[in-house]
Amino acid sequence: MGELASLRTPRGIFATVILGLCAFMPVLAPALDEPFYITVFARIMIWAIAAVSLNLILGYGGMVSFGHACYLGIGGYVVGIMAFHGVTNGFIQWPLALLASGLAALVFGAICLRTRGVYFIMITLAFAQMIYYLSISVEKYGSDDGLTIDFRSEFGGLIDLEERTVIYYVIFFCLVGSLYLVHRVVNSRFGMVVRGSKSNDARMHAIGHPTYRYRLACFVIAGMICGLAGILQANLEKFVSPDMMYWPRSGELIFMVVLGGMGTLFGPVAGALVFLLLADTLSGFTEHWHIIFGPFLILVVLFVHGGIDGLLGRREAAGG
Amino acid sequence: MAEPLLKVEGLNKSFGGILATDNLFLDVLPGEIHAVIGPNGAGKTTMIAQLTGALKTDSGKIIFDGRNITREPSHVRSHLGLARSFQITSVFLDMTNLDNTALAVQAHDGHSFRFWRPARRDPALREPALRALERVGLDHRADVVAANCSHGEHRQLEIAMALATKPRMLLLDEPMAGMGPEESAQMVEIIRGLKDEHSILLVEHDMDAVFSLADRITVLVYGRAIASGAPDEIRANPDVREAYLGEETAAAPDAPTPEGADSRARG
Ligand SMILES: Nc1ncnc2c1ncn2[C@@H]1O[C@H](COP(=O)(O)OP(=O)(O)OP(=O)(O)O)[C@@H](O)[C@H]1O
Ligand SMILES: [Mg+2]
């Protein structure tokens with residue numbers, strides 16, 4: 001996929017190294033005597049999928065959603081609730097979870113996308129908080145204690161997610177698949193409309209593009225990819241809770257995207273990796289790690305133009 | 001007389017207390033260049049925005065090709081064959097010139113719910129987009145990002161994007177704004193070359209250009225058309241001389257003749 005496949009550019013090498021690290025972690029971690037890193041990287045990859053999905057609307061489409069984590073919660077809760085009722089078949093769980101995320105994104109997006117700027121940010125946040133409070137209020141599904149999942153999704157013996165390496169590689173392939181999907185989408189005609197709308201929506205209308213429907217479709221695709229991250233998270237942790245979609249999670253997703261480089265294919269993956277590893281390391285030193293972490297993020301946003309991707313050299317035109 | 005392609009009947013638009021468009025009547029015939037002139041703030045850009053649907057009209061009617069488009073959204077008007085250029089350059093600055101025109105081509109090549117094939121390698125978009133750049137003499141700068149282009153090139157790109165939508169009628173809002181004499185002369189030739197295939201509504205402050213290009217001229221003052229007619233009639237019209245050309249005729253007693261305008265425009 002374009003820049004990722006190429007080992008001749010700093011970006012290509014960087015992306016290949018990170019994806020390679022992910023790919024070989026189940027072998028590397030035990031060799032380094034740090035088996036816990038398998039789970040750490042599985043978590044990082046799930047956040048990376050969510051960040052990649054947010055980047056599709058935020059980075060390429062200029063839609064600053066401050067409620068993106070709600071699709072993480074919706075995807076996760078559909079799996080959790082179905083498991084709670086004894087439906088553990090992944091072939092039923094996963095499509096339904098994706099459908100639910102997509103439907104929520106369709107309804108929320110249809111309303112949010114009629115607004116711009118700060119209003120858009122506020123309304124996406126409001127919808128996400130609505131879902132958050134809904135999850136807290138339903139006692140049957142654990143309210144704020146969350147819901148424990150006894151069995152991971154079952155795929156009729158084809159894929160056994162209870163197997164640690166299996167679930168790891170399922171997550172890995174979902175990440176690679178999401179990256180490939182976003183790569184195709186942003187470079188397609190559809191993607192050009194979404195980018196054009198970010199760049200200059202008035203001009204898009206003047207040359208004949210009814211942009212609203214394309215932005216909405218993009219919002220739905222992003223919601224579904226994030227729903228997939230939620231499905232994976234529910235399966236990995238065997239637990240879902242309202243905290244998955246509490247608003248700070250949405251804020252962290254935005255940070256990952258900005259940190260990695262908005263509107264760049266691989267940026268959000270790098271952003272998620274650096275964000276989570278740094279948070280993990282800092283919290284090991286002191287419990288007041290937020291005091292260091294917060295200013296660090298602000299400095300990066302202010303001074304490193306284009307985030308981590310920006311450190312890898314200039315880009316001429318938008319995207320690649 | 002041929003049926004007008006564009007007919008404006010009693011158009012109004014006010015911003016708070018200001019009447020930017022005041023009971024405006026206007027028409028443009030097929031193959032005609034109809035120039036609209038008027039002092040700053042006369043309402044020329046407002047009129048173009050109303051015609052393209054960027055601004056909602058308070059009252060009055062806009063008929064394009066026999067169809068009432070007064071309430072149609074911008075993209076529908078674009079598909080009917082109405083295209084505009086912007087007085088203040090409005091392009092996709094983060095994209096190359098070719099990407100800019102290709103997006104305009106794409107809008108008129110079916111829907112864009114096509115998620116898979118790379119748009120930048122689609123000859124159905126790239127070739128017409130390149131031809132649009134050729135027509136304004138910008139093809140040698142096709143792969144340059146618009147943000148890195150000069151003001152004059154932005155003006156050319158404005159026209160190329162409008163052309164790439166295959167319009168029947170062009171609404172050009174001060175295409176020569178901020179151009180030097182040489183670039184202006186080049187733009188006059190470009191617009192002259194478009195006349196065969198497009199009807200043109202030309203808003204322009206450059207009087208040399210207007211008098212050398214226009215078949216008809218309408219003078220707008222405070223949103224109201226105070227005169228309309230052939231260039232010679234407009235030049236002779238005392239109201240116009242007073243309200244608008246006055247400033248210029250005061251400086252140079254002889255208003256520009258068409259021949260004089262022509263030679264001056266060509267530098
Ligand atoms: N969006 C707006 N809100 C409020 N007033 C506006 C708006 N747009 C234009 N106006 C006012 O309407 C009047 C007409 O403005 P317009 O830009 O159409 O003039 P113009 O003829 O294009 O002028 P110029 O030659 O300077 O381009 C002006 O008084 C202007 O201040
Ligand atoms: Mg104007």
# chains A, B, ... in the order shown; residues from 1 in each chain; ligands from 1
>>> interface_residues(of="chain A", to="chain B", cutoff="9 Å", atoms="only C-alpha atoms", output="list in words")
Leu181, Arg184, Val185, Val186, Asn187, Ser188, Arg189, Phe190, Gly191, Met192, Val193, Gly196, Ser199, Asn200, Ala202, Arg203, Met204, His205, Ala206, Ile207, Gly208, His209, Pro210, Tyr214, Ala217, Glu316, Ala317 and Ala318 of chain A
>>> write_last_selection(atoms="C-alpha atoms", output="mmCIF file, in the first residue's frame")
data_model
loop_
_atom_site.group_PDB
_atom_site.id
_atom_site.type_symbol
_atom_site.label_atom_id
_atom_site.label_comp_id
_atom_site.auth_asym_id
_atom_site.auth_seq_id
_atom_site.Cartn_x
_atom_site.Cartn_y
_atom_site.Cartn_z
ATOM 1 C CA LEU A 181 -9.145 -0.067 3.700
ATOM 2 C CA ARG A 184 -7.955 2.632 -0.640
ATOM 3 C CA VAL A 185 -10.824 4.816 0.500
ATOM 4 C CA VAL A 186 -8.903 8.072 0.886
ATOM 5 C CA ASN A 187 -7.334 7.727 -2.542
ATOM 6 C CA SER A 188 -10.568 6.801 -4.304
ATOM 7 C CA ARG A 189 -13.008 9.250 -5.869
ATOM 8 C CA PHE A 190 -14.966 9.091 -2.641
ATOM 9 C CA GLY A 191 -11.864 10.000 -0.658
ATOM 10 C CA MET A 192 -11.090 12.918 -2.937
ATOM 11 C CA VAL A 193 -14.553 14.351 -2.271
ATOM 12 C CA GLY A 196 -11.964 18.415 -1.017
ATOM 13 C CA SER A 199 -10.072 21.810 2.057
ATOM 14 C CA ASN A 200 -12.838 24.076 0.716
ATOM 15 C CA ALA A 202 -17.879 26.094 -0.649
ATOM 16 C CA ARG A 203 -15.803 25.394 -3.747
ATOM 17 C CA MET A 204 -16.902 21.762 -3.707
ATOM 18 C CA HIS A 205 -20.519 22.862 -3.941
ATOM 19 C CA ALA A 206 -19.707 25.397 -6.623
ATOM 20 C CA ILE A 207 -18.142 22.723 -8.850
ATOM 21 C CA GLY A 208 -21.091 20.411 -8.288
ATOM 22 C CA HIS A 209 -20.342 18.088 -5.364
ATOM 23 C CA PRO A 210 -23.182 17.548 -2.870
ATOM 24 C CA TYR A 214 -20.218 11.770 1.216
ATOM 25 C CA ALA A 217 -20.907 8.014 4.492
ATOM 26 C CA GLU A 316 4.287 18.265 -0.724
ATOM 27 C CA ALA A 317 0.600 17.714 -1.367
ATOM 28 C CA ALA A 318 -2.075 16.550 1.034
#
>>> residues_around(residues="stretch 5-14 of chain A", least_positions_apart="3", cutoff="12 Å", atoms="only C-alpha atoms", output="ChimeraX atom specification")
/A:1-2,17-21,180,183,260-261,264-267,269-270,308-315,320
>>> write_last_selection(atoms="C-alpha atoms", output="compact mmCIF listing (two decimals), in the first residue's frame")
# COMPACT_ATOMS: atom_id res chain seq x y z
CA MET A 1 0.00 0.00 0.00
CA GLY A 2 1.84 2.95 -1.39
CA VAL A 17 9.55 -1.40 11.55
CA ILE A 18 6.47 -0.72 13.68
CA LEU A 19 4.26 -3.20 11.85
CA GLY A 20 7.12 -5.69 11.96
CA LEU A 21 7.40 -5.19 15.71
CA TYR A 180 -5.45 -0.97 3.78
CA HIS A 183 -5.64 3.73 2.18
CA GLY A 260 1.01 10.74 14.94
CA GLY A 261 0.11 13.17 12.16
CA THR A 264 -1.43 10.58 7.11
CA LEU A 265 -2.07 6.89 6.67
CA PHE A 266 0.29 5.53 9.30
CA GLY A 267 0.45 8.50 11.67
CA VAL A 269 -0.68 3.96 14.49
CA ALA A 270 2.55 5.67 15.52
CA ILE A 308 5.49 12.10 14.29
CA ASP A 309 4.89 11.90 10.57
CA GLY A 310 6.18 15.45 10.28
CA LEU A 311 9.50 14.35 11.78
CA LEU A 312 9.98 11.96 8.87
CA GLY A 313 10.36 14.72 6.27
CA ARG A 314 8.23 17.20 4.36
CA ARG A 315 5.17 16.30 2.38
CA GLY A 320 -0.23 10.20 -0.02
>>> select_by_dssp(residues="stretch 173-207 of chain B", states="strand (DSSP E)", output="list in words")
Asp173, Ser199, Ile200, Leu201, Leu202 and Val203 of chain B
>>> atom_distance(atom1="atom CA of A:Val138", atom2="atom CA of A:Val240")
13.2 Å
>>> atom_distance(atom1="atom CA of B:Asp65", atom2="atom CA of B:Ile191")
21.9 Å
>>> closest_residue(among="A:Ile225, A:Cys70, A:Ala272, A:Val258", to="A:Leu134", atoms="only C-alpha atoms")
A:Cys70
>>> residues_around(residues="A:Phe239", least_positions_apart="2", cutoff="9 Å", atoms="only C-alpha atoms", output="number ranges by chain")
A: 76, 80, 146-150, 233-237, 241
>>> write_last_selection(atoms="C-alpha atoms", output="CSV table (one decimal), in the first residue's frame")
chain,number,residue,atom,x,y,z
A,76,GLY,CA,-17.9,-3.7,22.7
A,80,GLY,CA,-20.9,-8.2,25.7
A,146,GLY,CA,-19.2,-3.0,33.6
A,147,LEU,CA,-20.0,-6.4,32.2
A,148,THR,CA,-17.8,-9.4,32.4
A,149,ILE,CA,-17.7,-11.6,29.3
A,150,ASP,CA,-17.3,-15.3,30.1
A,233,GLN,CA,-11.3,-4.9,22.9
A,234,ALA,CA,-14.3,-6.7,24.4
A,235,ASN,CA,-12.8,-10.0,23.3
A,236,LEU,CA,-9.3,-9.2,24.5
A,237,GLU,CA,-10.3,-7.9,28.0
A,241,SER,CA,-17.5,-0.9,30.8
>>> residues_around(residues="A:Arg249", least_positions_apart="5", cutoff="12 Å", atoms="only C-alpha atoms", output="CSV table (one decimal) with N, CA and C atoms, in the first residue's frame")
chain,number,residue,atom,x,y,z
A,47,TRP,N,-6.2,0.3,20.0
A,47,TRP,CA,-6.3,1.7,20.0
A,47,TRP,C,-5.9,2.3,18.7
A,50,ALA,N,-8.7,2.2,16.3
A,50,ALA,CA,-9.7,3.3,16.6
A,50,ALA,C,-9.1,4.6,16.2
A,51,ALA,N,-7.8,4.8,16.3
A,51,ALA,CA,-7.2,6.1,15.9
A,51,ALA,C,-7.2,6.2,14.4
A,65,SER,N,-14.5,15.0,15.5
A,65,SER,CA,-15.4,14.3,16.4
A,65,SER,C,-14.8,14.2,17.8
A,66,PHE,N,-15.5,14.7,18.8
A,66,PHE,CA,-15.1,14.6,20.2
A,66,PHE,C,-15.9,13.5,20.9
A,67,GLY,N,-16.4,12.5,20.1
A,67,GLY,CA,-17.2,11.5,20.7
A,67,GLY,C,-16.9,10.1,20.1
A,68,HIS,N,-15.7,10.0,19.5
A,68,HIS,CA,-15.5,8.9,18.7
A,68,HIS,C,-15.4,7.6,19.5
A,69,ALA,N,-15.0,7.7,20.8
A,69,ALA,CA,-14.9,6.5,21.6
A,69,ALA,C,-16.3,5.8,21.8
A,70,CYS,N,-17.3,6.5,21.5
A,70,CYS,CA,-18.7,5.9,21.8
A,70,CYS,C,-18.9,4.7,20.9
A,71,TYR,N,-18.2,4.7,19.7
A,71,TYR,CA,-18.3,3.5,18.8
A,71,TYR,C,-17.5,2.3,19.3
A,72,LEU,N,-16.4,2.7,20.0
A,72,LEU,CA,-15.7,1.6,20.7
A,72,LEU,C,-16.6,0.9,21.7
A,73,GLY,N,-17.4,1.7,22.4
A,73,GLY,CA,-18.3,1.2,23.4
A,73,GLY,C,-19.4,0.4,22.8
A,125,LEU,N,-19.8,15.2,21.0
A,125,LEU,CA,-19.6,15.0,22.5
A,125,LEU,C,-20.9,14.6,23.2
A,128,ALA,N,-22.1,11.2,22.4
A,128,ALA,CA,-21.3,10.1,23.0
A,128,ALA,C,-21.6,10.1,24.5
A,129,GLN,N,-21.8,11.2,25.1
A,129,GLN,CA,-22.2,11.2,26.6
A,129,GLN,C,-23.5,10.6,26.8
A,132,TYR,N,-22.9,7.0,26.8
A,132,TYR,CA,-22.2,6.7,28.1
A,132,TYR,C,-23.2,6.6,29.2
A,242,PRO,N,-18.6,1.2,30.9
A,242,PRO,CA,-18.9,2.6,30.4
A,242,PRO,C,-17.6,3.4,30.2
A,243,ASP,N,-16.6,3.1,30.9
A,243,ASP,CA,-15.3,3.8,30.8
A,243,ASP,C,-14.8,3.8,29.4
A,244,MET,N,-15.0,2.7,28.6
A,244,MET,CA,-14.6,2.7,27.2
A,244,MET,C,-15.0,3.9,26.4
A,254,ILE,N,-8.2,11.7,19.9
A,254,ILE,CA,-7.8,12.8,19.1
A,254,ILE,C,-6.3,13.1,19.3
A,255,PHE,N,-5.8,12.9,20.5
A,255,PHE,CA,-4.4,13.2,20.8
A,255,PHE,C,-3.5,12.2,20.0
A,256,MET,N,-3.9,10.9,19.9
A,256,MET,CA,-3.1,9.9,19.2
A,256,MET,C,-3.0,10.3,17.7
>>> residues_around(residues="B:Thr70", least_positions_apart="2", cutoff="10 Å", atoms="only C-alpha atoms", output="PyMOL selection string")
chain B and resi 8+11+50-53+56-64+67-68+72-73+77
>>> write_last_selection(atoms="all heavy atoms", output="compact mmCIF listing (two decimals), in the first residue's frame")
# COMPACT_ATOMS: atom_id res chain seq x y z
N VAL B 8 -32.94 36.86 -15.27
CA VAL B 8 -33.09 37.24 -13.86
C VAL B 8 -34.24 38.24 -13.78
O VAL B 8 -34.25 39.23 -14.49
CB VAL B 8 -31.79 37.89 -13.34
CG1 VAL B 8 -31.98 38.40 -11.92
CG2 VAL B 8 -30.65 36.89 -13.40
N LEU B 11 -34.79 40.34 -8.93
CA LEU B 11 -34.02 39.69 -7.87
C LEU B 11 -33.74 40.66 -6.72
O LEU B 11 -33.41 41.82 -6.93
CB LEU B 11 -32.70 39.20 -8.46
CG LEU B 11 -32.05 37.99 -7.78
CD1 LEU B 11 -32.96 36.78 -7.87
CD2 LEU B 11 -30.70 37.71 -8.40
N GLN B 50 -25.91 34.72 -5.65
CA GLN B 50 -27.32 34.36 -5.76
C GLN B 50 -27.57 33.48 -6.98
O GLN B 50 -28.34 32.53 -6.93
CB GLN B 50 -28.18 35.62 -5.86
CG GLN B 50 -28.38 36.35 -4.55
CD GLN B 50 -29.18 37.62 -4.74
OE1 GLN B 50 -28.64 38.65 -5.11
NE2 GLN B 50 -30.48 37.54 -4.51
N LEU B 51 -26.91 33.84 -8.08
CA LEU B 51 -27.12 33.08 -9.32
C LEU B 51 -26.64 31.64 -9.17
O LEU B 51 -27.22 30.72 -9.73
CB LEU B 51 -26.39 33.75 -10.49
CG LEU B 51 -26.93 35.12 -10.91
CD1 LEU B 51 -26.12 35.69 -12.05
CD2 LEU B 51 -28.40 35.00 -11.32
N THR B 52 -25.56 31.43 -8.39
CA THR B 52 -25.02 30.07 -8.25
C THR B 52 -25.62 29.33 -7.07
O THR B 52 -25.36 28.14 -6.91
CB THR B 52 -23.49 30.09 -8.06
OG1 THR B 52 -23.19 30.92 -6.94
CG2 THR B 52 -22.80 30.63 -9.29
N GLY B 53 -26.37 30.03 -6.24
CA GLY B 53 -26.99 29.36 -5.11
C GLY B 53 -26.16 29.36 -3.85
O GLY B 53 -26.53 28.75 -2.85
N LYS B 56 -28.81 32.49 -0.52
CA LYS B 56 -30.25 32.33 -0.76
C LYS B 56 -30.83 33.67 -1.19
O LYS B 56 -30.48 34.72 -0.66
CB LYS B 56 -30.94 31.85 0.51
CG LYS B 56 -30.69 30.39 0.80
CD LYS B 56 -31.82 29.79 1.66
CE LYS B 56 -31.74 28.27 1.69
NZ LYS B 56 -30.48 27.78 2.27
N THR B 57 -31.76 33.61 -2.15
CA THR B 57 -32.37 34.82 -2.67
C THR B 57 -33.60 35.17 -1.83
O THR B 57 -34.36 34.29 -1.44
CB THR B 57 -32.77 34.55 -4.14
OG1 THR B 57 -31.58 34.55 -4.92
CG2 THR B 57 -33.73 35.57 -4.66
N ASP B 58 -33.75 36.48 -1.54
CA ASP B 58 -34.93 36.91 -0.77
C ASP B 58 -36.19 36.77 -1.60
O ASP B 58 -37.18 36.19 -1.16
CB ASP B 58 -34.77 38.37 -0.32
CG ASP B 58 -33.66 38.53 0.71
OD1 ASP B 58 -33.21 37.49 1.23
OD2 ASP B 58 -33.25 39.66 0.97
N SER B 59 -36.18 37.38 -2.78
CA SER B 59 -37.33 37.25 -3.68
C SER B 59 -36.87 37.51 -5.10
O SER B 59 -35.76 37.99 -5.34
CB SER B 59 -38.43 38.23 -3.28
OG SER B 59 -37.96 39.55 -3.41
N GLY B 60 -37.73 37.19 -6.05
CA GLY B 60 -37.37 37.29 -7.46
C GLY B 60 -37.13 35.91 -8.04
O GLY B 60 -37.24 34.92 -7.33
N LYS B 61 -36.82 35.89 -9.33
CA LYS B 61 -36.73 34.61 -10.03
C LYS B 61 -35.44 34.51 -10.84
O LYS B 61 -35.01 35.49 -11.44
CB LYS B 61 -37.92 34.48 -10.99
CG LYS B 61 -38.95 33.45 -10.53
CD LYS B 61 -39.74 32.90 -11.68
CE LYS B 61 -40.99 33.70 -11.98
NZ LYS B 61 -41.89 33.09 -12.94
N ILE B 62 -34.86 33.35 -10.84
CA ILE B 62 -33.71 33.08 -11.70
C ILE B 62 -34.11 31.93 -12.63
O ILE B 62 -34.43 30.83 -12.16
CB ILE B 62 -32.48 32.66 -10.88
CG1 ILE B 62 -32.12 33.74 -9.85
CG2 ILE B 62 -31.29 32.41 -11.80
CD1 ILE B 62 -31.16 33.27 -8.78
N ILE B 63 -34.12 32.22 -13.93
CA ILE B 63 -34.48 31.19 -14.90
C ILE B 63 -33.24 30.85 -15.71
O ILE B 63 -32.63 31.71 -16.32
CB ILE B 63 -35.56 31.71 -15.89
CG1 ILE B 63 -36.66 32.45 -15.15
CG2 ILE B 63 -36.08 30.59 -16.78
CD1 ILE B 63 -37.77 31.62 -14.64
N PHE B 64 -32.86 29.58 -15.70
CA PHE B 64 -31.71 29.14 -16.49
C PHE B 64 -32.19 28.10 -17.49
O PHE B 64 -32.77 27.08 -17.11
CB PHE B 64 -30.63 28.56 -15.59
CG PHE B 64 -29.37 28.17 -16.33
CD1 PHE B 64 -28.54 29.13 -16.87
CD2 PHE B 64 -29.04 26.83 -16.49
CE1 PHE B 64 -27.39 28.78 -17.56
CE2 PHE B 64 -27.89 26.47 -17.17
CZ PHE B 64 -27.07 27.45 -17.71
N ARG B 67 -35.65 26.97 -17.05
CA ARG B 67 -36.03 26.29 -15.81
C ARG B 67 -35.82 27.22 -14.62
O ARG B 67 -34.81 27.90 -14.53
CB ARG B 67 -35.14 25.05 -15.68
CG ARG B 67 -35.35 24.30 -14.40
CD ARG B 67 -34.60 22.98 -14.46
NE ARG B 67 -34.54 22.42 -13.13
CZ ARG B 67 -34.02 21.23 -12.85
NH1 ARG B 67 -33.51 20.49 -13.80
NH2 ARG B 67 -34.00 20.79 -11.61
N ASN B 68 -36.80 27.24 -13.74
CA ASN B 68 -36.70 28.10 -12.56
C ASN B 68 -35.74 27.44 -11.55
O ASN B 68 -36.03 26.39 -10.99
CB ASN B 68 -38.08 28.27 -11.92
CG ASN B 68 -38.04 29.27 -10.78
OD1 ASN B 68 -36.97 29.59 -10.25
ND2 ASN B 68 -39.20 29.77 -10.40
N GLU B 72 -32.88 26.10 -6.24
CA GLU B 72 -32.04 24.90 -6.37
C GLU B 72 -30.71 25.10 -5.63
O GLU B 72 -30.15 26.19 -5.63
CB GLU B 72 -31.72 24.62 -7.85
CG GLU B 72 -32.93 24.33 -8.72
CD GLU B 72 -33.54 22.96 -8.48
OE1 GLU B 72 -33.05 22.25 -7.58
OE2 GLU B 72 -34.52 22.63 -9.16
N PRO B 73 -30.20 24.02 -5.00
CA PRO B 73 -28.88 24.13 -4.36
C PRO B 73 -27.76 24.26 -5.40
O PRO B 73 -27.94 23.91 -6.56
CB PRO B 73 -28.74 22.83 -3.58
CG PRO B 73 -29.71 21.89 -4.20
CD PRO B 73 -30.81 22.71 -4.81
N ARG B 77 -27.33 23.42 -9.70
CA ARG B 77 -27.10 24.44 -10.73
C ARG B 77 -25.84 24.13 -11.52
O ARG B 77 -25.78 24.33 -12.73
CB ARG B 77 -26.98 25.82 -10.08
CG ARG B 77 -28.25 26.20 -9.33
CD ARG B 77 -28.17 27.61 -8.81
NE ARG B 77 -29.11 27.78 -7.70
CZ ARG B 77 -29.60 28.94 -7.31
NH1 ARG B 77 -29.24 30.04 -7.93
NH2 ARG B 77 -30.44 29.01 -6.30
>>> residues_near_ligand(ligand="ligand 2", cutoff="10 Å", atoms="only C-alpha atoms and all ligand atoms", output="PyMOL selection string")
chain B and resi 38-49+86-88+173-174+177+203-205
>>> write_last_selection(atoms="N, CA, C and O atoms", output="compact mmCIF listing (two decimals), in the first residue's frame")
# COMPACT_ATOMS: atom_id res chain seq x y z
N GLY B 38 -19.69 48.17 -12.08
CA GLY B 38 -20.25 48.95 -11.00
C GLY B 38 -19.21 49.20 -9.94
O GLY B 38 -18.27 48.41 -9.82
N PRO B 39 -19.38 50.26 -9.16
CA PRO B 39 -18.38 50.59 -8.15
C PRO B 39 -18.29 49.52 -7.05
O PRO B 39 -19.14 48.64 -6.97
N ASN B 40 -17.27 49.62 -6.22
CA ASN B 40 -17.11 48.67 -5.10
C ASN B 40 -18.36 48.67 -4.24
O ASN B 40 -18.92 49.71 -3.95
N GLY B 41 -18.78 47.47 -3.87
CA GLY B 41 -19.95 47.36 -3.01
C GLY B 41 -21.26 47.50 -3.74
O GLY B 41 -22.31 47.60 -3.12
N ALA B 42 -21.23 47.49 -5.09
CA ALA B 42 -22.46 47.66 -5.87
C ALA B 42 -23.35 46.43 -5.78
O ALA B 42 -24.55 46.51 -6.04
N GLY B 43 -22.76 45.30 -5.41
CA GLY B 43 -23.56 44.08 -5.29
C GLY B 43 -23.28 43.06 -6.38
O GLY B 43 -24.07 42.13 -6.59
N LYS B 44 -22.14 43.19 -7.05
CA LYS B 44 -21.84 42.29 -8.17
C LYS B 44 -21.57 40.87 -7.68
O LYS B 44 -22.10 39.89 -8.23
N THR B 45 -20.75 40.76 -6.64
CA THR B 45 -20.44 39.43 -6.12
C THR B 45 -21.68 38.81 -5.48
O THR B 45 -21.92 37.60 -5.62
N THR B 46 -22.46 39.64 -4.81
CA THR B 46 -23.71 39.14 -4.22
C THR B 46 -24.61 38.55 -5.31
O THR B 46 -25.18 37.47 -5.14
N MET B 47 -24.69 39.25 -6.43
CA MET B 47 -25.52 38.77 -7.54
C MET B 47 -25.02 37.41 -8.03
O MET B 47 -25.81 36.47 -8.21
N ILE B 48 -23.71 37.28 -8.20
CA ILE B 48 -23.16 36.00 -8.67
C ILE B 48 -23.44 34.89 -7.65
O ILE B 48 -23.82 33.78 -8.01
N ALA B 49 -23.29 35.22 -6.38
CA ALA B 49 -23.55 34.22 -5.34
C ALA B 49 -25.02 33.79 -5.36
O ALA B 49 -25.34 32.62 -5.14
N PHE B 86 -14.27 32.71 -8.66
CA PHE B 86 -14.39 33.54 -7.46
C PHE B 86 -13.48 34.76 -7.55
O PHE B 86 -12.34 34.67 -8.01
N GLN B 87 -14.00 35.88 -7.10
CA GLN B 87 -13.21 37.11 -7.06
C GLN B 87 -12.00 36.93 -6.14
O GLN B 87 -10.89 37.26 -6.49
N ILE B 88 -12.28 36.41 -4.95
CA ILE B 88 -11.19 36.08 -4.03
C ILE B 88 -10.92 34.59 -4.23
O ILE B 88 -11.78 33.75 -3.97
N ASP B 173 -16.18 36.31 -11.83
CA ASP B 173 -16.17 37.44 -10.89
C ASP B 173 -14.77 38.04 -10.84
O ASP B 173 -13.88 37.51 -10.17
N GLU B 174 -14.58 39.12 -11.57
CA GLU B 174 -13.30 39.82 -11.63
C GLU B 174 -12.12 38.89 -11.89
O GLU B 174 -11.22 38.77 -11.05
N ALA B 177 -8.72 40.43 -11.34
CA ALA B 177 -8.42 41.11 -10.07
C ALA B 177 -6.98 40.91 -9.66
O ALA B 177 -6.49 39.77 -9.59
N VAL B 203 -18.07 39.94 -14.62
CA VAL B 203 -17.96 41.07 -13.69
C VAL B 203 -16.50 41.49 -13.70
O VAL B 203 -15.61 40.66 -13.51
N GLU B 204 -16.24 42.76 -13.97
CA GLU B 204 -14.84 43.18 -14.06
C GLU B 204 -14.71 44.68 -13.86
O GLU B 204 -15.55 45.47 -14.29
N HIS B 205 -13.63 45.07 -13.17
CA HIS B 205 -13.34 46.49 -12.97
C HIS B 205 -12.46 47.06 -14.08
O HIS B 205 -12.43 48.25 -14.29
>>> residues_around(residues="stretch 290-302 of chain A", least_positions_apart="5", cutoff="9 Å", atoms="only C-alpha atoms", output="list in words")
Phe255, Val258, Leu259, Phe275, Leu278, Ala279, Leu282, Ser283, Gly307 and Ile308 of chain A
>>> closest_residue(among="A:Asp201, A:Ser101, A:Ser143, A:Ala23", to="A:Met45", atoms="only C-alpha atoms")
A:Ala23
>>> atom_distance(atom1="atom CA of A:Pro26", atom2="atom CA of A:Tyr168")
7.9 Å
>>> select_by_dssp(residues="stretch 36-254 of chain B", states="helix (DSSP H, G or I)", output="VMD selection string")
chain B and resid 44 to 52 74 to 80 97 to 106 119 to 121 123 to 135 139 to 141 146 to 148 151 to 163 181 to 194 207 to 213 231 to 236 238 to 251
>>> closest_residue(among="B:Gly110, B:Pro181, B:Gly10, B:Gly229", to="B:His34", atoms="only C-alpha atoms")
B:Gly229
>>> residues_around(residues="B:Arg224", least_positions_apart="6", cutoff="9 Å", atoms="only C-alpha atoms", output="number ranges by chain")
B: 20-25, 42-43
>>> decode(residues="stretch 107-113 of chain B", atoms="N, CA and C atoms", output="mmCIF file, in the first residue's frame")
data_model
loop_
_atom_site.group_PDB
_atom_site.id
_atom_site.type_symbol
_atom_site.label_atom_id
_atom_site.label_comp_id
_atom_site.auth_asym_id
_atom_site.auth_seq_id
_atom_site.Cartn_x
_atom_site.Cartn_y
_atom_site.Cartn_z
ATOM 1 N N ALA B 107 -16.957 15.766 -10.408
ATOM 2 C CA ALA B 107 -18.321 16.133 -10.004
ATOM 3 C C ALA B 107 -19.315 15.916 -11.140
ATOM 4 N N HIS B 108 -18.797 15.860 -12.366
ATOM 5 C CA HIS B 108 -19.686 15.740 -13.528
ATOM 6 C C HIS B 108 -19.473 14.431 -14.259
ATOM 7 N N ASP B 109 -18.965 13.441 -13.542
ATOM 8 C CA ASP B 109 -18.735 12.129 -14.134
ATOM 9 C C ASP B 109 -19.399 11.073 -13.250
ATOM 10 N N GLY B 110 -20.672 11.234 -13.004
ATOM 11 C CA GLY B 110 -21.395 10.273 -12.167
ATOM 12 C C GLY B 110 -21.168 10.521 -10.692
ATOM 13 N N HIS B 111 -21.777 9.672 -9.856
ATOM 14 C CA HIS B 111 -21.652 9.860 -8.412
ATOM 15 C C HIS B 111 -20.252 9.488 -7.942
ATOM 16 N N SER B 112 -19.942 9.873 -6.722
ATOM 17 C CA SER B 112 -18.597 9.610 -6.198
ATOM 18 C C SER B 112 -18.599 8.545 -5.108
ATOM 19 N N PHE B 113 -19.621 7.707 -5.077
ATOM 20 C CA PHE B 113 -19.588 6.575 -4.141
ATOM 21 C C PHE B 113 -18.756 5.467 -4.770
#
